[in-house]
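> Structure file run-v8.txt (compact mmCIF, C-alpha atoms) is given on the next line.
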```
# COMPACT_ATOMS: atom_id res chain seq x y z
CA MET D 1 4.35 -18.61 20.12
CA PRO D 2 2.72 -16.90 23.10
CA GLU D 3 5.55 -14.37 23.67
CA ARG D 4 4.78 -12.84 20.30
CA VAL D 5 1.21 -12.08 21.30
CA ASN D 6 2.38 -10.57 24.58
CA ILE D 7 4.90 -8.33 22.87
CA LYS D 8 2.26 -7.20 20.38
CA GLN D 9 -0.12 -6.42 23.23
CA LYS D 10 2.64 -4.53 25.03
CA VAL D 11 3.44 -2.44 21.94
CA LEU D 12 -0.25 -1.66 21.33
CA SER D 13 -0.92 -0.79 24.94
CA GLU D 14 2.10 1.54 24.96
CA ASN D 15 0.67 3.06 21.77
CA ASP D 16 -2.75 3.53 23.37
CA LYS D 17 -1.19 5.31 26.36
CA PHE D 18 0.26 7.97 24.03
CA ALA D 19 -2.91 8.09 21.92
CA THR D 20 -5.00 8.80 25.03
CA GLN D 21 -2.62 11.57 26.04
CA ILE D 22 -2.88 13.22 22.59
CA ARG D 23 -6.68 12.81 22.48
CA LYS D 24 -7.01 14.42 25.92
CA ALA D 25 -4.94 17.49 24.94
CA LEU D 26 -6.91 17.90 21.69
CA LYS D 27 -10.22 17.56 23.53
CA GLU D 28 -9.27 20.21 26.09
CA HIS D 29 -8.49 22.65 23.30
CA LYS D 30 -11.43 21.48 21.15
CA ILE D 31 -9.18 20.77 18.16
CA PRO D 32 -10.40 18.04 15.80
CA CYS D 33 -7.85 15.57 14.46
CA LEU D 34 -8.03 13.45 11.29
CA ASN D 35 -5.84 10.45 10.48
CA LEU D 36 -5.57 10.32 6.67
CA VAL D 37 -4.82 6.84 5.35
CA SER D 38 -4.56 5.23 1.88
CA SER D 39 -2.44 3.20 -0.52
CA PRO D 40 0.69 4.93 -1.81
CA GLY D 41 -0.26 7.41 -4.53
CA SER D 42 -4.00 7.78 -3.89
CA GLY D 43 -3.61 11.53 -3.50
CA LYS D 44 -3.35 12.28 0.24
CA THR D 45 -0.72 14.98 -0.27
CA SER D 46 -2.53 16.48 -3.29
CA LEU D 47 -5.75 16.77 -1.27
CA LEU D 48 -3.85 18.50 1.54
CA GLU D 49 -2.09 20.87 -0.88
CA HIS D 50 -5.49 22.03 -2.16
CA THR D 51 -6.84 22.25 1.38
CA LEU D 52 -3.99 24.48 2.58
CA LYS D 53 -4.32 26.75 -0.46
CA HIS D 54 -8.09 26.98 -0.07
CA PHE D 55 -8.19 27.90 3.61
CA LYS D 56 -4.97 29.98 3.67
CA ASP D 57 -5.04 31.68 7.08
CA GLU D 58 -8.78 31.35 7.48
CA ILE D 59 -8.41 27.98 9.18
CA LYS D 60 -5.08 27.21 10.82
CA ILE D 61 -4.12 23.66 10.00
CA ALA D 62 -1.22 21.73 11.48
CA ILE D 63 -0.12 18.69 9.49
CA ILE D 64 1.99 15.80 10.76
CA VAL D 65 3.21 13.93 7.71
CA GLY D 66 4.63 10.42 7.88
CA ASP D 67 6.82 8.79 5.26
CA VAL D 68 9.00 5.70 5.22
CA GLN D 69 11.72 7.79 3.62
CA THR D 70 12.21 11.35 2.23
CA GLU D 71 10.61 14.65 3.23
CA ASN D 72 9.06 15.10 -0.26
CA ASP D 73 5.49 15.42 1.01
CA ALA D 74 6.44 17.83 3.80
CA VAL D 75 8.22 20.04 1.25
CA ARG D 76 5.16 19.97 -1.05
CA LEU D 77 2.89 20.97 1.85
CA SER D 78 5.19 23.81 2.93
CA ASP D 79 5.27 25.03 -0.66
CA SER D 80 1.45 25.12 -0.59
CA GLY D 81 1.51 27.61 2.27
CA GLY D 82 1.51 25.13 5.16
CA LYS D 83 3.05 26.83 8.16
CA ILE D 84 2.90 24.07 10.74
CA ILE D 85 4.19 21.00 8.92
CA ARG D 86 5.94 18.32 10.99
CA PRO D 87 7.57 15.49 9.02
CA ILE D 88 8.15 12.07 10.54
CA ILE D 89 10.45 9.70 8.67
CA THR D 90 9.69 6.21 9.97
CA GLY D 91 12.92 4.80 8.54
CA GLY D 92 11.35 1.58 7.32
CA ALA D 93 8.34 1.27 9.65
CA CYS D 94 5.10 0.70 7.75
CA HIS D 95 2.86 2.94 9.86
CA LEU D 96 2.85 5.86 12.27
CA ASP D 97 2.36 5.10 15.95
CA ALA D 98 1.15 7.38 18.72
CA LYS D 99 4.62 7.63 20.30
CA MET D 100 6.01 9.11 17.06
CA ILE D 101 3.06 11.51 16.89
CA ASN D 102 3.46 12.53 20.51
CA LYS D 103 7.09 13.48 19.95
CA VAL D 104 6.26 16.04 17.24
CA PHE D 105 2.89 16.97 18.76
CA GLU D 106 4.73 18.42 21.75
CA ASN D 107 6.32 20.94 19.40
CA ILE D 108 3.02 22.22 18.04
CA ASP D 109 1.44 25.17 19.87
CA ILE D 110 -2.06 23.80 20.18
CA ASN D 111 -3.46 27.28 20.98
CA GLU D 112 -2.45 28.39 17.52
CA ILE D 113 -4.38 25.83 15.47
CA ASP D 114 -7.96 24.99 14.45
CA LEU D 115 -7.38 21.53 13.01
CA LEU D 116 -4.75 18.78 13.11
CA ILE D 117 -4.37 16.40 10.17
CA ILE D 118 -2.06 13.41 10.25
CA GLU D 119 -1.00 12.13 6.83
CA ASN D 120 -0.10 8.50 7.47
CA VAL D 121 2.35 6.27 5.58
CA GLY D 122 0.90 4.98 2.27
CA ASN D 123 -0.29 1.54 3.34
CA LEU D 124 -3.83 0.10 3.41
CA VAL D 125 -3.04 -2.55 6.03
CA CYS D 126 -0.83 -1.71 9.02
CA PRO D 127 -1.95 1.86 9.88
CA SER D 128 -5.45 0.51 10.58
CA SER D 129 -4.18 -1.05 13.84
CA TYR D 130 -2.76 2.11 15.40
CA ASP D 131 -4.85 4.69 17.23
CA LEU D 132 -3.04 8.03 16.95
CA GLY D 133 -5.44 9.97 19.18
CA GLU D 134 -7.52 11.08 16.17
CA ASP D 135 -11.26 11.78 16.14
CA MET D 136 -11.61 9.76 12.98
CA LYS D 137 -9.74 8.01 10.20
CA VAL D 138 -10.36 9.25 6.67
CA VAL D 139 -9.50 6.67 4.01
CA LEU D 140 -8.69 7.75 0.46
CA ILE D 141 -9.13 5.46 -2.50
CA SER D 142 -8.49 6.47 -6.09
CA THR D 143 -10.47 5.35 -9.13
CA THR D 144 -7.39 3.72 -10.63
CA GLU D 145 -7.03 1.20 -7.79
CA GLY D 146 -9.93 -1.17 -8.45
CA ASP D 147 -13.42 -1.07 -6.98
CA ASP D 148 -13.02 -4.18 -4.82
CA LYS D 149 -10.40 -2.68 -2.50
CA PRO D 150 -12.71 -2.17 0.52
CA SER D 151 -13.51 -5.88 0.74
CA LYS D 152 -9.86 -6.82 0.18
CA TYR D 153 -8.59 -4.49 2.93
CA PRO D 154 -11.64 -4.48 5.22
CA ALA D 155 -10.05 -3.36 8.52
CA MET D 156 -9.13 0.04 7.14
CA PHE D 157 -12.58 0.72 5.72
CA ARG D 158 -14.29 -0.61 8.84
CA ARG D 159 -12.25 1.66 11.12
CA SER D 160 -12.64 4.78 8.96
CA SER D 161 -15.50 7.27 9.28
CA VAL D 162 -15.09 8.87 5.87
CA MET D 163 -14.06 7.52 2.47
CA VAL D 164 -12.78 10.04 -0.08
CA ILE D 165 -12.89 8.65 -3.62
CA ASN D 166 -10.21 10.60 -5.48
CA LYS D 167 -9.28 10.88 -9.19
CA ILE D 168 -12.92 10.78 -10.35
CA ASP D 169 -11.73 12.61 -13.50
CA LEU D 170 -10.21 9.24 -14.52
CA LEU D 171 -13.52 7.36 -14.31
CA GLY D 172 -14.07 5.50 -17.55
CA MET D 173 -10.32 4.96 -18.06
CA SER D 174 -10.52 1.59 -16.30
CA ASP D 175 -13.14 -0.95 -15.19
CA PHE D 176 -13.58 0.91 -11.88
CA GLU D 177 -17.25 1.62 -11.15
CA LEU D 178 -18.19 4.29 -8.63
CA SER D 179 -21.42 2.52 -7.64
CA LYS D 180 -19.54 -0.75 -7.07
CA VAL D 181 -16.86 0.70 -4.80
CA LYS D 182 -19.54 2.46 -2.74
CA GLU D 183 -21.64 -0.69 -2.41
CA ASN D 184 -18.53 -2.65 -1.54
CA ALA D 185 -17.46 -0.13 1.13
CA LEU D 186 -20.93 0.28 2.65
CA ASN D 187 -21.24 -3.51 2.96
CA ILE D 188 -18.25 -3.38 5.27
CA ASN D 189 -19.13 -0.17 7.06
CA GLY D 190 -22.68 1.11 6.64
CA ASN D 191 -21.85 4.37 8.45
CA LEU D 192 -19.14 5.53 6.04
CA GLN D 193 -19.57 9.09 4.82
CA ILE D 194 -18.46 9.24 1.18
CA ILE D 195 -17.00 12.22 -0.70
CA ASP D 196 -16.09 12.03 -4.42
CA THR D 197 -13.21 14.29 -5.51
CA SER D 198 -10.73 15.02 -8.23
CA CYS D 199 -7.67 16.95 -7.11
CA ARG D 200 -6.93 17.55 -10.79
CA THR D 201 -10.23 19.13 -11.89
CA LYS D 202 -11.13 20.26 -8.33
CA GLU D 203 -14.53 18.54 -8.67
CA GLY D 204 -15.94 17.69 -5.25
CA LEU D 205 -13.34 19.62 -3.26
CA GLU D 206 -15.99 22.05 -1.99
CA GLU D 207 -17.73 19.15 -0.26
CA TRP D 208 -14.43 18.18 1.40
CA TYR D 209 -13.87 21.74 2.59
CA LYS D 210 -17.42 21.88 4.00
CA PHE D 211 -16.79 18.60 5.80
CA LEU D 212 -13.66 20.09 7.44
CA GLU D 213 -15.52 23.25 8.47
CA GLN D 214 -18.26 21.10 9.93
CA ILE D 215 -15.96 18.96 12.10
CA ILE D 216 -14.28 22.11 13.44
CA GLU D 217 -17.71 23.55 14.27
CA ASP D 218 -18.91 20.28 15.81
CA LYS D 219 -15.84 19.98 18.01
CA LYS D 220 -16.32 23.49 19.38
CA THR D 221 -19.93 22.91 20.31
CA ILE D 222 -19.55 19.41 21.71
CA LEU D 223 -20.57 19.05 25.36
CA GLU D 224 -17.97 17.76 27.77
CA MET V 1 12.82 -3.02 24.39
CA PRO V 2 15.28 -5.84 23.58
CA GLU V 3 12.68 -8.67 23.64
CA ARG V 4 10.97 -7.10 20.67
CA VAL V 5 14.14 -7.29 18.59
CA ASN V 6 14.69 -10.89 19.62
CA ILE V 7 11.17 -11.91 18.67
CA LYS V 8 11.56 -10.16 15.32
CA GLN V 9 14.84 -11.99 14.71
CA LYS V 10 13.20 -15.27 15.72
CA VAL V 11 10.28 -14.71 13.32
CA LEU V 12 12.62 -13.77 10.48
CA SER V 13 14.93 -16.70 11.07
CA GLU V 14 11.95 -19.08 11.13
CA ASN V 15 10.88 -17.45 7.87
CA ASP V 16 14.31 -17.96 6.34
CA LYS V 17 14.30 -21.64 7.27
CA PHE V 18 11.15 -22.18 5.21
CA ALA V 19 12.39 -19.90 2.40
CA THR V 20 15.57 -21.95 2.12
CA GLN V 21 13.55 -25.16 1.94
CA ILE V 22 11.34 -23.76 -0.87
CA ARG V 23 14.35 -22.37 -2.78
CA LYS V 24 16.11 -25.74 -2.56
CA ALA V 25 13.11 -27.64 -3.98
CA LEU V 26 12.71 -25.11 -6.80
CA LYS V 27 16.41 -25.26 -7.61
CA GLU V 28 16.40 -29.07 -7.82
CA HIS V 29 13.54 -28.94 -10.31
CA LYS V 30 14.95 -25.87 -12.09
CA ILE V 31 11.73 -23.92 -11.64
CA PRO V 32 12.10 -20.13 -11.47
CA CYS V 33 10.03 -18.26 -8.90
CA LEU V 34 8.96 -14.60 -8.91
CA ASN V 35 7.61 -12.64 -5.95
CA LEU V 36 5.32 -9.97 -7.38
CA VAL V 37 4.92 -6.94 -5.11
CA SER V 38 3.21 -3.54 -5.37
CA SER V 39 0.75 -1.10 -3.81
CA PRO V 40 -2.89 -2.17 -3.85
CA GLY V 41 -4.36 -1.67 -7.32
CA SER V 42 -1.17 -1.34 -9.39
CA GLY V 43 -2.27 -4.19 -11.61
CA LYS V 44 -0.58 -7.39 -10.35
CA THR V 45 -3.66 -9.52 -10.98
CA SER V 46 -4.34 -7.92 -14.39
CA LEU V 47 -0.78 -8.64 -15.49
CA LEU V 48 -1.15 -12.27 -14.40
CA GLU V 49 -4.53 -12.61 -16.14
CA HIS V 50 -2.91 -11.56 -19.42
CA THR V 51 0.08 -13.81 -18.76
CA LEU V 52 -2.09 -16.89 -18.20
CA LYS V 53 -4.16 -16.18 -21.33
CA HIS V 54 -1.06 -15.58 -23.42
CA PHE V 55 0.84 -18.73 -22.50
CA LYS V 56 -2.20 -21.03 -22.11
CA ASP V 57 -0.69 -24.51 -21.84
CA GLU V 58 2.56 -23.55 -23.54
CA ILE V 59 4.13 -22.62 -20.21
CA LYS V 60 2.66 -24.17 -17.09
CA ILE V 61 2.40 -21.49 -14.43
CA ALA V 62 1.48 -22.04 -10.79
CA ILE V 63 0.34 -18.95 -8.93
CA ILE V 64 0.21 -18.51 -5.16
CA VAL V 65 -1.96 -15.48 -4.51
CA GLY V 66 -2.02 -13.67 -1.19
CA ASP V 67 -4.74 -11.35 0.02
CA VAL V 68 -5.63 -9.87 3.38
CA GLN V 69 -9.23 -10.88 2.74
CA THR V 70 -11.35 -12.40 -0.09
CA GLU V 71 -10.44 -14.83 -2.87
CA ASN V 72 -11.31 -12.26 -5.57
CA ASP V 73 -7.89 -12.40 -7.23
CA ALA V 74 -7.74 -16.20 -7.15
CA VAL V 75 -11.16 -16.36 -8.83
CA ARG V 76 -10.04 -13.88 -11.52
CA LEU V 77 -6.92 -15.95 -12.20
CA SER V 78 -8.88 -19.21 -12.41
CA ASP V 79 -11.28 -17.52 -14.83
CA SER V 80 -8.28 -16.59 -16.99
CA GLY V 81 -7.40 -20.24 -17.43
CA GLY V 82 -5.10 -20.63 -14.43
CA LYS V 83 -5.08 -24.28 -13.44
CA ILE V 84 -2.77 -24.20 -10.45
CA ILE V 85 -3.96 -21.26 -8.37
CA ARG V 86 -3.44 -21.40 -4.61
CA PRO V 87 -5.06 -18.61 -2.57
CA ILE V 88 -3.72 -17.57 0.82
CA ILE V 89 -5.92 -15.32 2.95
CA THR V 90 -3.65 -13.72 5.52
CA GLY V 91 -6.59 -12.66 7.68
CA GLY V 92 -5.16 -9.26 8.52
CA ALA V 93 -1.44 -9.86 8.07
CA CYS V 94 0.18 -7.27 5.81
CA HIS V 95 2.53 -9.63 3.91
CA LEU V 96 3.08 -13.23 2.94
CA ASP V 97 5.74 -15.16 4.82
CA ALA V 98 7.60 -18.30 3.78
CA LYS V 99 5.74 -20.50 6.25
CA MET V 100 2.41 -19.60 4.57
CA ILE V 101 3.96 -20.25 1.15
CA ASN V 102 5.42 -23.57 2.27
CA LYS V 103 2.00 -24.80 3.40
CA VAL V 104 0.44 -24.38 -0.07
CA PHE V 105 3.67 -25.13 -1.94
CA GLU V 106 3.54 -28.68 -0.60
CA ASN V 107 0.27 -29.15 -2.51
CA ILE V 108 1.74 -28.15 -5.86
CA ASP V 109 3.21 -30.93 -8.00
CA ILE V 110 6.48 -29.28 -8.88
CA ASN V 111 7.08 -31.75 -11.73
CA GLU V 112 4.03 -30.33 -13.47
CA ILE V 113 5.09 -26.70 -13.67
CA ASP V 114 7.54 -24.44 -15.55
CA LEU V 115 7.22 -21.31 -13.43
CA LEU V 116 5.97 -20.28 -9.99
CA ILE V 117 4.67 -16.77 -9.42
CA ILE V 118 3.73 -15.47 -5.98
CA GLU V 119 1.33 -12.52 -6.01
CA ASN V 120 1.97 -10.82 -2.69
CA VAL V 121 -0.40 -8.69 -0.59
CA GLY V 122 -0.77 -5.14 -1.96
CA ASN V 123 1.69 -3.27 0.25
CA LEU V 124 4.88 -1.41 -0.70
CA VAL V 125 6.46 -1.71 2.74
CA CYS V 126 6.18 -4.95 4.73
CA PRO V 127 6.58 -7.61 1.99
CA SER V 128 10.07 -6.26 1.28
CA SER V 129 11.34 -7.85 4.51
CA TYR V 130 10.23 -11.42 3.78
CA ASP V 131 12.20 -13.84 1.63
CA LEU V 132 9.73 -16.35 0.19
CA GLY V 133 12.31 -18.52 -1.54
CA GLU V 134 11.95 -16.60 -4.81
CA ASP V 135 14.65 -16.01 -7.42
CA MET V 136 13.72 -12.36 -7.59
CA LYS V 137 11.18 -9.78 -6.56
CA VAL V 138 9.33 -7.96 -9.34
CA VAL V 139 7.89 -4.63 -8.23
CA LEU V 140 4.96 -3.07 -10.10
CA ILE V 141 4.25 0.63 -10.05
CA SER V 142 1.46 2.30 -11.98
CA THR V 143 1.60 5.69 -13.64
CA THR V 144 -1.22 6.99 -11.44
CA GLU V 145 0.79 6.56 -8.22
CA GLY V 146 3.33 9.38 -8.50
CA ASP V 147 6.86 9.25 -9.87
CA ASP V 148 8.62 9.68 -6.52
CA LYS V 149 7.45 6.36 -5.07
CA PRO V 150 10.81 4.54 -5.39
CA SER V 151 12.58 7.05 -3.14
CA LYS V 152 9.67 7.07 -0.69
CA TYR V 153 9.58 3.25 -0.39
CA PRO V 154 13.24 2.47 -1.10
CA ALA V 155 13.56 -0.99 0.48
CA MET V 156 11.13 -2.54 -1.98
CA PHE V 157 12.86 -1.05 -5.03
CA ARG V 158 16.32 -1.89 -3.68
CA ARG V 159 15.38 -5.55 -3.13
CA SER V 160 13.63 -5.98 -6.47
CA SER V 161 15.35 -7.08 -9.68
CA VAL V 162 12.68 -5.86 -12.09
CA MET V 163 10.33 -2.86 -12.06
CA VAL V 164 7.22 -3.11 -14.23
CA ILE V 165 5.69 0.33 -14.88
CA ASN V 166 2.02 -0.38 -15.56
CA LYS V 167 -0.87 1.76 -16.88
CA ILE V 168 1.34 3.64 -19.36
CA ASP V 169 -1.85 4.30 -21.37
CA LEU V 170 -2.70 6.82 -18.61
CA LEU V 171 0.53 8.82 -19.07
CA GLY V 172 -0.36 12.47 -19.51
CA MET V 173 -3.43 12.17 -17.26
CA SER V 174 -1.36 13.22 -14.23
CA ASP V 175 2.01 14.85 -13.44
CA PHE V 176 3.70 11.42 -13.52
CA GLU V 177 6.79 11.43 -15.75
CA LEU V 178 8.21 8.15 -17.03
CA SER V 179 11.78 9.50 -17.16
CA LYS V 180 11.52 10.75 -13.58
CA VAL V 181 10.31 7.48 -12.08
CA LYS V 182 13.06 5.61 -13.90
CA GLU V 183 15.76 8.02 -12.74
CA ASN V 184 14.34 7.87 -9.22
CA ALA V 185 14.32 4.05 -9.20
CA LEU V 186 17.76 3.66 -10.77
CA ASN V 187 19.22 6.02 -8.17
CA ILE V 188 18.13 3.51 -5.54
CA ASN V 189 18.95 0.38 -7.50
CA GLY V 190 21.16 0.78 -10.57
CA ASN V 191 20.63 -2.84 -11.57
CA LEU V 192 16.84 -2.67 -11.93
CA GLN V 193 15.53 -4.05 -15.20
CA ILE V 194 12.58 -1.91 -16.30
CA ILE V 195 9.58 -2.96 -18.39
CA ASP V 196 6.82 -0.48 -19.39
CA THR V 197 3.35 -1.99 -19.84
CA SER V 198 -0.32 -1.26 -20.15
CA CYS V 199 -2.61 -4.15 -19.29
CA ARG V 200 -5.42 -2.16 -20.91
CA THR V 201 -3.88 -1.55 -24.36
CA LYS V 202 -1.49 -4.53 -24.08
CA GLU V 203 1.45 -2.25 -24.95
CA GLY V 204 4.70 -3.69 -23.62
CA LEU V 205 3.26 -7.05 -22.63
CA GLU V 206 5.38 -8.82 -25.27
CA GLU V 207 8.50 -7.65 -23.44
CA TRP V 208 7.12 -9.05 -20.17
CA TYR V 209 6.38 -12.41 -21.83
CA LYS V 210 9.90 -12.50 -23.29
CA PHE V 211 11.31 -11.78 -19.86
CA LEU V 212 9.40 -14.75 -18.42
CA GLU V 213 10.56 -17.06 -21.23
CA GLN V 214 14.12 -15.90 -20.61
CA ILE V 215 14.11 -16.63 -16.87
CA ILE V 216 12.69 -20.11 -17.52
CA GLU V 217 15.43 -20.71 -20.10
CA ASP V 218 18.13 -19.30 -17.81
CA LYS V 219 17.06 -21.48 -14.90
CA LYS V 220 17.22 -24.62 -17.04
CA THR V 221 20.73 -23.91 -18.25
CA ILE V 222 22.20 -22.71 -14.96
CA LEU V 223 25.13 -24.75 -13.69
CA GLU V 224 24.82 -26.30 -10.26
```
Output the file's structure as structure tokens, nothing else.


Amino acid sequence: MPERVNIKQKVLSENDKFATQIRKALKEHKIPCLNLVSSPGSGKTSLLEHTLKHFKDEIKIAIIVGDVQTENDAVRLSDSGGKIIRPIITGGACHLDAKMINKVFENIDINEIDLLIIENVGNLVCPSSYDLGEDMKVVLISTTEGDDKPSKYPAMFRRSSVMVINKIDLLGMSDFELSKVKENALNINGNLQIIDTSCRTKEGLEEWYKFLEQIIEDKKTILE
Amino acid sequence: MPERVNIKQKVLSENDKFATQIRKALKEHKIPCLNLVSSPGSGKTSLLEHTLKHFKDEIKIAIIVGDVQTENDAVRLSDSGGKIIRPIITGGACHLDAKMINKVFENIDINEIDLLIIENVGNLVCPSSYDLGEDMKVVLISTTEGDDKPSKYPAMFRRSSVMVINKIDLLGMSDFELSKVKENALNINGNLQIIDTSCRTKEGLEEWYKFLEQIIEDKKTILE
């Protein structure tokens, strides 16, 4: 079915056109951008709630938050002090694409922000194929999901730069082994930076905050 | 972009052709078929491991198990005594379709089995669109995923007949409330049958086994 391939290529190349446009604008203003991906319920929104509360006005964060349906996450993030929260309801689509991002990105005053985070739809498969103009993908996995997930969903872990292992307070409540998931993930992507966190006990969040400060610093000092 | 819609329709109608073929064969032999769907790591494979061990040879279960990559789940199910386990590696695709099912279904001797269970790819979005010839979809959700998931991924919960709430031994370890997830799900689909389970403590598994016995009984006695 050769038409199918062509259509897919056409959709992806249209996506890449918008992604390039977004990346260019972010580069000019030296704003780093993260694309946060995970299964449903791994804790993307919880991590961002903590992040907004921690940095308050110290670091100005814009968040574009994608959901298949409802604005629940956007409401949670606004309640946590988020001032620049842009919800996207995909209405059934299983991922965000760069065209959707571009539409809301145009309404963000890029001079006002230090960091852009995109919270993708909860899905470990489809979002891996779409470049949204980000500097890097950050994949979350929680300790209740099974330690073989990286090898079962390899594209996402291969295309991510950072893996956040969340819910480490629940270690020991299942067969999940921290060393196994790390070995499994590093087999797929030896360059993955790994951060262990618990949004419930706040363990490890300092390391996440330092990582964010570092990427903001790095982006400012990068040579053109 | 009208071609895109046409291709999608073409793919879905090709899918439905195969689904109809599978459904017809299952109906003739009075074999019920479940399509098990969930996020990655909700416990589909664990539930099936227990199910195989519980019924041993009493009920002959064939399982078609889909994964993006690896045969991990198929190996686990064989180790649990599963005799008719058919793995499908989608190689990147985010869902099973009826054409993939049909290919392995042809290799199952339908006279030998009492029940067919399809373990879909871990994904709460895409598998909702594909009819695999099943009698019903069974959606799993675990108590670590957040109690607003049904409203955030409504298509899956609307198209399912049964919701299994797994990992109830972890209730109290997060903000997840059992009453909330049930209310949330029933708002979307008032006909959902709900079964609470813990694969770890085995709580609730008896109800799941009874449900399976019932659908086998119902299928045998159904009038043509």

> How many Å lie between atom CA of D:Phe157 and atom CA of D:Ile141, rounded to one decimal?

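We find that atom CA of D:Phe157 and atom CA of D:Ile141 lie 10.1 Å from each other.
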
> Just the number, please: distance in Å from atom CA of V:Asn123 to atom CA of V:Ile31, one decimal.

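So the answer is 25.9 Å.
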
> For chain D, which residues have at least one atom within 8 Å of chain V, if we go by all atoms listed in the file? Write them as a ChimeraX atom specification, please.

/D:3-4,7,39-42,67-70,92-94,123-126,144-146,149,151-155,170,173-174,200

> Which value, in Å to one decimal, gives the distance between atom CA of V:Leu132 and atom CA of V:Asp97?

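Rounded to one decimal, the two atoms are 6.2 Å apart.
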
> Residual C-alpha RMSD for chain V onto chain D, least squares, all atoms in order?

0.0 Å

> With only C-alpha atoms counted, which protein, DNA or RNA residues have an atom no more than 8 Å from (-8.5, 22.9, -2.7) in the file frame? Please answer as a ChimeraX atom specification.

/D:47-54,199,202,205-206,209

> Pull the neighbourhood of (4.8, -22.6, 8.9) for me: all residues within 10 Å in file coordinates, counting all atoms listed in the file, as JSON, numbers by chain.

{"V": [14, 15, 17, 18, 97, 98, 99, 100, 101, 102, 103]}
